[in-house]
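Read through the structure below, which is laid out as structure tokens, and then see the notes.
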Amino acid sequence: MADLTLTDLPLDQQVLVRRIVSRLAPAYEGTLGTETVERFVVDSLEQLMPRATVATYLSVLAEKFAKDRLRALLRLEASADEAIPGVLFLCVHNAGRSQMAAGWLRHLAGDRMDVWSGGSEPTSTINPAAVEAMAEVGIDIAQEFPKPWTDEIVRAADVVITMGCGDACPLYPGKRYEDWVLEDPASMDVDGVRVVRDQIEAKVRGLMTSVGVEPTPA
């Protein structure tokens with residue numbers, strides 16, 4: 001995590017961070033200090049800012065990204081016996097394959113698994129064809145956004161699924177790694193993305209079986 005602090009930011013961004021922290025901090029009272037929450041919000045904002053195409057939404061995205069990271073941090077501090085299985089999906093741009101996989105796993109597992117996704121070189125927007133293909137099966141990923149993987153999320157995951165990011169994907173000892181060979185849907189139309197979507201569903205169901213979590217019935 002970078003050493004950037006709140007006071008290093010421009011005044012408008014300082015106001016933004018304080019608003020986010022005021023919303024998030026009460027949920028972590030007794031577990032994480034306000035300073036920790038602020039540090040993660042500042043870092044999340046810094047990481048997303050270079051790729052932000054619409055500044056209006058930056059606060060929403062930074063808040064969601066910080067929440068994902070704080071959830072991972074809490075998982076690292078919890079007893080291993082209390083933790084549900086955690087999975088991180090990684091691809092290059094975090095705009096197609098990893099987002100669809102995370103969408104499927106959240107849909108089929110609900111709150112019985114922790115799910116994250118990230119990219120080695122995140123792009124600015126999620127693939128609209130992936131959004132459309134997932135919507136056809138009743139899964140909404142329209143509010144998701146490309147983001148980088150972070151140290152605490154990788155360490156919090158039990159299983160790391162990689163999809164084409166090669167040597168750029170992080171390797172940590174003690175993790176279960178799988179590489180899913182899937183075509184990159186970046187240049188596909190919706191018909192092509194549907195094929196990848198269905199391949200991902202089959203792989204996600206197999207993953208759930210391997211960790212002992214039964215998919216939610218359709």
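In the structure tokens, chains take the letters A, B, ... in the order shown, each chain's residues start at 1, and ligands count up from 1 in the order shown.
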Sort by chain and increasing residue number a table of all residues of region 100-186 of chain A within 10 Å of region 194-198 of chain A, each with its closest pair of atoms and their distance in Å to one decimal, counting only C-alpha atoms, and write it as a tab-separated table.
residue	atom	partner	partner_atom	distance
A:Met100	CA	A:Arg197	CA	6.7
A:Ala101	CA	A:Arg197	CA	8.1
A:Trp104	CA	A:Arg197	CA	8.9
A:Ala129	CA	A:Arg194	CA	8.9
A:Ala130	CA	A:Arg197	CA	7.9
A:Glu132	CA	A:Arg194	CA	9.2
A:Ala133	CA	A:Arg194	CA	5.7
A:Met134	CA	A:Arg197	CA	7.3
A:Glu136	CA	A:Arg194	CA	9.2
A:Val137	CA	A:Arg197	CA	9.6
A:Leu182	CA	A:Val196	CA	6.9
A:Glu183	CA	A:Val196	CA	7.0
A:Asp184	CA	A:Val196	CA	8.4
A:Pro185	CA	A:Val196	CA	7.3
Export, as a short mmCIF file (atom, residue, chain, number, x, y, z; two decimals), in the first residue's frame, the selected residues with N, CA and C atoms.
data_model
loop_
_atom_site.label_atom_id
_atom_site.label_comp_id
_atom_site.auth_asym_id
_atom_site.auth_seq_id
_atom_site.Cartn_x
_atom_site.Cartn_y
_atom_site.Cartn_z
N MET A 100 -17.34 -11.99 -14.97
CA MET A 100 -18.40 -12.98 -15.15
C MET A 100 -18.26 -14.12 -14.15
N ALA A 101 -17.03 -14.55 -13.89
CA ALA A 101 -16.82 -15.63 -12.92
C ALA A 101 -17.25 -15.20 -11.52
N TRP A 104 -21.04 -15.15 -11.42
CA TRP A 104 -21.61 -16.48 -11.28
C TRP A 104 -21.47 -17.01 -9.85
N ALA A 129 -20.64 -6.24 -23.55
CA ALA A 129 -21.15 -7.52 -24.03
C ALA A 129 -21.21 -8.54 -22.90
N ALA A 130 -20.25 -8.47 -21.97
CA ALA A 130 -20.28 -9.36 -20.80
C ALA A 130 -21.46 -9.01 -19.90
N GLU A 132 -24.28 -7.68 -20.85
CA GLU A 132 -25.51 -8.13 -21.53
C GLU A 132 -25.68 -9.64 -21.44
N ALA A 133 -24.59 -10.38 -21.67
CA ALA A 133 -24.68 -11.84 -21.62
C ALA A 133 -25.05 -12.33 -20.23
N MET A 134 -24.51 -11.72 -19.21
CA MET A 134 -24.84 -12.13 -17.84
C MET A 134 -26.27 -11.74 -17.48
N GLU A 136 -28.74 -11.82 -19.38
CA GLU A 136 -29.63 -12.81 -20.00
C GLU A 136 -29.90 -14.00 -19.09
N VAL A 137 -28.98 -14.28 -18.16
CA VAL A 137 -29.18 -15.39 -17.22
C VAL A 137 -29.54 -14.87 -15.83
N LEU A 182 -9.54 -19.77 -21.03
CA LEU A 182 -10.77 -19.25 -21.63
C LEU A 182 -10.40 -18.16 -22.62
N GLU A 183 -11.11 -18.10 -23.71
CA GLU A 183 -10.87 -17.03 -24.68
C GLU A 183 -11.22 -15.68 -24.07
N ASP A 184 -10.43 -14.67 -24.41
CA ASP A 184 -10.69 -13.32 -23.95
C ASP A 184 -11.87 -12.75 -24.73
N PRO A 185 -12.96 -12.39 -24.05
CA PRO A 185 -14.14 -11.89 -24.76
C PRO A 185 -14.05 -10.42 -25.16
#
Inset, instruction - From the DSSP assignment of the backbone, select every residue of region 52-214 of chain A that is strand (DSSP E), and format the answer as a PyMOL selection string. - result: chain A and resi 86-91+114-119+159-163+176-179
Inset, instruction - Identify all residues of region 62-121 of chain A in helix (DSSP H, G or I) (DSSP on the backbone) and supply them as number ranges by chain. - result: A: 62-77, 97-112
Go ahead and save the picked residues with N, CA, C and O atoms, as a compact mmCIF listing (two decimals), in the first residue's frame.
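Contents of selection.txt, as written:
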# COMPACT_ATOMS: atom_id res chain seq x y z
N ALA A 62 -14.61 4.11 -5.30
CA ALA A 62 -13.60 4.06 -4.23
C ALA A 62 -14.17 3.45 -2.96
O ALA A 62 -13.50 2.69 -2.26
N GLU A 63 -15.42 3.76 -2.66
CA GLU A 63 -16.06 3.21 -1.47
C GLU A 63 -16.25 1.70 -1.61
O GLU A 63 -15.96 0.94 -0.68
N LYS A 64 -16.71 1.25 -2.77
CA LYS A 64 -16.89 -0.19 -2.99
C LYS A 64 -15.57 -0.94 -2.95
O LYS A 64 -15.47 -2.02 -2.36
N PHE A 65 -14.54 -0.35 -3.56
CA PHE A 65 -13.22 -0.99 -3.57
C PHE A 65 -12.66 -1.07 -2.15
O PHE A 65 -12.12 -2.11 -1.73
N ALA A 66 -12.79 0.00 -1.40
CA ALA A 66 -12.32 0.00 -0.01
C ALA A 66 -13.05 -1.04 0.82
O ALA A 66 -12.44 -1.73 1.65
N LYS A 67 -14.35 -1.18 0.62
CA LYS A 67 -15.13 -2.18 1.37
C LYS A 67 -14.65 -3.59 1.05
O LYS A 67 -14.55 -4.44 1.95
N ASP A 68 -14.37 -3.87 -0.22
CA ASP A 68 -13.83 -5.18 -0.60
C ASP A 68 -12.52 -5.45 0.13
O ASP A 68 -12.27 -6.55 0.63
N ARG A 69 -11.68 -4.45 0.18
CA ARG A 69 -10.36 -4.61 0.79
C ARG A 69 -10.45 -4.73 2.31
O ARG A 69 -9.73 -5.53 2.93
N LEU A 70 -11.34 -3.98 2.91
CA LEU A 70 -11.53 -4.08 4.37
C LEU A 70 -12.14 -5.42 4.75
O LEU A 70 -11.81 -5.98 5.80
N ARG A 71 -13.01 -5.93 3.89
CA ARG A 71 -13.57 -7.27 4.14
C ARG A 71 -12.46 -8.31 4.13
O ARG A 71 -12.43 -9.24 4.95
N ALA A 72 -11.52 -8.17 3.21
CA ALA A 72 -10.38 -9.08 3.15
C ALA A 72 -9.51 -8.94 4.40
O ALA A 72 -9.04 -9.93 4.96
N LEU A 73 -9.31 -7.71 4.84
CA LEU A 73 -8.50 -7.47 6.04
C LEU A 73 -9.12 -8.13 7.27
O LEU A 73 -8.43 -8.76 8.07
N LEU A 74 -10.43 -8.00 7.42
CA LEU A 74 -11.11 -8.64 8.54
C LEU A 74 -10.99 -10.16 8.46
O LEU A 74 -10.84 -10.84 9.47
N ARG A 75 -11.04 -10.68 7.25
CA ARG A 75 -10.92 -12.13 7.07
C ARG A 75 -9.54 -12.61 7.51
O ARG A 75 -9.41 -13.67 8.12
N LEU A 76 -8.51 -11.81 7.23
CA LEU A 76 -7.15 -12.19 7.62
C LEU A 76 -7.01 -12.22 9.14
O LEU A 76 -6.19 -12.98 9.67
N GLU A 77 -7.78 -11.39 9.82
CA GLU A 77 -7.67 -11.31 11.28
C GLU A 77 -8.60 -12.29 12.00
O GLU A 77 -8.50 -12.47 13.21
N ARG A 97 -13.84 -11.85 -18.29
CA ARG A 97 -13.84 -13.20 -17.71
C ARG A 97 -13.91 -13.20 -16.19
O ARG A 97 -14.74 -13.92 -15.60
N SER A 98 -13.05 -12.44 -15.53
CA SER A 98 -13.03 -12.46 -14.06
C SER A 98 -14.31 -11.87 -13.49
O SER A 98 -14.79 -12.31 -12.44
N GLN A 99 -14.88 -10.88 -14.16
CA GLN A 99 -16.14 -10.29 -13.69
C GLN A 99 -17.29 -11.27 -13.86
O GLN A 99 -18.16 -11.37 -12.97
N MET A 100 -17.34 -11.99 -14.97
CA MET A 100 -18.40 -12.98 -15.15
C MET A 100 -18.26 -14.12 -14.15
O MET A 100 -19.27 -14.59 -13.59
N ALA A 101 -17.03 -14.55 -13.89
CA ALA A 101 -16.82 -15.63 -12.92
C ALA A 101 -17.25 -15.20 -11.52
O ALA A 101 -17.94 -15.96 -10.81
N ALA A 102 -16.87 -13.98 -11.13
CA ALA A 102 -17.29 -13.48 -9.82
C ALA A 102 -18.81 -13.36 -9.75
O ALA A 102 -19.42 -13.66 -8.73
N GLY A 103 -19.42 -12.91 -10.85
CA GLY A 103 -20.88 -12.79 -10.88
C GLY A 103 -21.55 -14.14 -10.71
O GLY A 103 -22.53 -14.27 -9.96
N TRP A 104 -21.04 -15.15 -11.42
CA TRP A 104 -21.61 -16.48 -11.28
C TRP A 104 -21.47 -17.01 -9.85
O TRP A 104 -22.42 -17.57 -9.28
N LEU A 105 -20.28 -16.84 -9.26
CA LEU A 105 -20.06 -17.40 -7.93
C LEU A 105 -20.91 -16.69 -6.88
O LEU A 105 -21.48 -17.35 -5.99
N ARG A 106 -21.05 -15.38 -6.98
CA ARG A 106 -21.93 -14.68 -6.04
C ARG A 106 -23.37 -15.14 -6.20
O ARG A 106 -24.10 -15.29 -5.21
N HIS A 107 -23.77 -15.36 -7.43
CA HIS A 107 -25.14 -15.78 -7.72
C HIS A 107 -25.41 -17.18 -7.17
O HIS A 107 -26.47 -17.44 -6.59
N LEU A 108 -24.47 -18.09 -7.36
CA LEU A 108 -24.68 -19.49 -6.99
C LEU A 108 -24.36 -19.78 -5.52
O LEU A 108 -24.90 -20.72 -4.95
N ALA A 109 -23.48 -18.98 -4.91
CA ALA A 109 -23.07 -19.25 -3.53
C ALA A 109 -23.69 -18.30 -2.52
O ALA A 109 -23.75 -18.62 -1.33
N GLY A 110 -24.14 -17.13 -2.97
CA GLY A 110 -24.69 -16.17 -2.02
C GLY A 110 -23.65 -15.77 -0.99
O GLY A 110 -22.49 -15.51 -1.33
N ASP A 111 -24.05 -15.75 0.28
CA ASP A 111 -23.12 -15.33 1.34
C ASP A 111 -22.34 -16.50 1.93
O ASP A 111 -21.72 -16.37 2.98
N ARG A 112 -22.33 -17.64 1.24
CA ARG A 112 -21.60 -18.81 1.74
C ARG A 112 -20.16 -18.85 1.27
O ARG A 112 -19.39 -19.73 1.66
Inset, instruction - For each of A:Ala135, A:Val213, A:Leu90, A:Val181, take the minimum atom-to-atom distance to Ala168 (chain A), counting only C-alpha atoms, then give the residue where this is smallest. - result: A:Leu90
Legend entry - Length of the CA of Asp167 (chain A) to CA of Trp180 (chain A) vector [Å]: 14.3 Å
Tell me which protein, DNA and RNA residues are within 9 Å of Glu144 (chain A), counting only C-alpha atoms, leaving out same-chain ones fewer than 2 positions away, and put them as a CSV table (one decimal) with C-alpha atoms, in the first residue's frame.
chain,number,residue,atom,x,y,z
A,61,LEU,CA,-16.2,3.1,-6.9
A,95,ALA,CA,-13.5,-6.4,-17.5
A,99,GLN,CA,-16.1,-10.3,-13.7
A,125,THR,CA,-14.9,0.1,-18.0
A,126,ILE,CA,-16.4,-3.4,-17.9
A,140,ASP,CA,-26.4,-8.1,-12.9
A,141,ILE,CA,-22.8,-7.1,-13.2
A,142,ALA,CA,-23.5,-3.7,-14.6
A,146,PRO,CA,-12.3,-3.0,-13.3
Legend entry - Interatomic distance (Å, one decimal) between CA of Ile153 (chain A) and CA of Gln13 (chain A): 24.7 Å
Inset, instruction - Name all residues at most 12 Å from Ile161 (chain A) (count only C-alpha atoms; drop same-chain ones fewer than 5 positions away) and give them as a ChimeraX atom specification. - result: /A:86-91,97-99,101-102,115-119,154,166,169-171,175-182,200,203-204,207
Legend entry - Residue with smallest distance to Ser44 (chain A) - pool A:Pro173, A:Gly212, A:Gly206, A:Pro148, counting only C-alpha atoms: A:Pro148
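Of note, CA of Val41 (chain A) and CA of His93 (chain A) are spaced 21.9 Å apart.
With only C-alpha atoms as the atoms that count, the minimum distance from Phe145 (chain A) to the choices A:Thr34, A:Ser187, A:Ser210, A:Asn94 is reached by A:Asn94.
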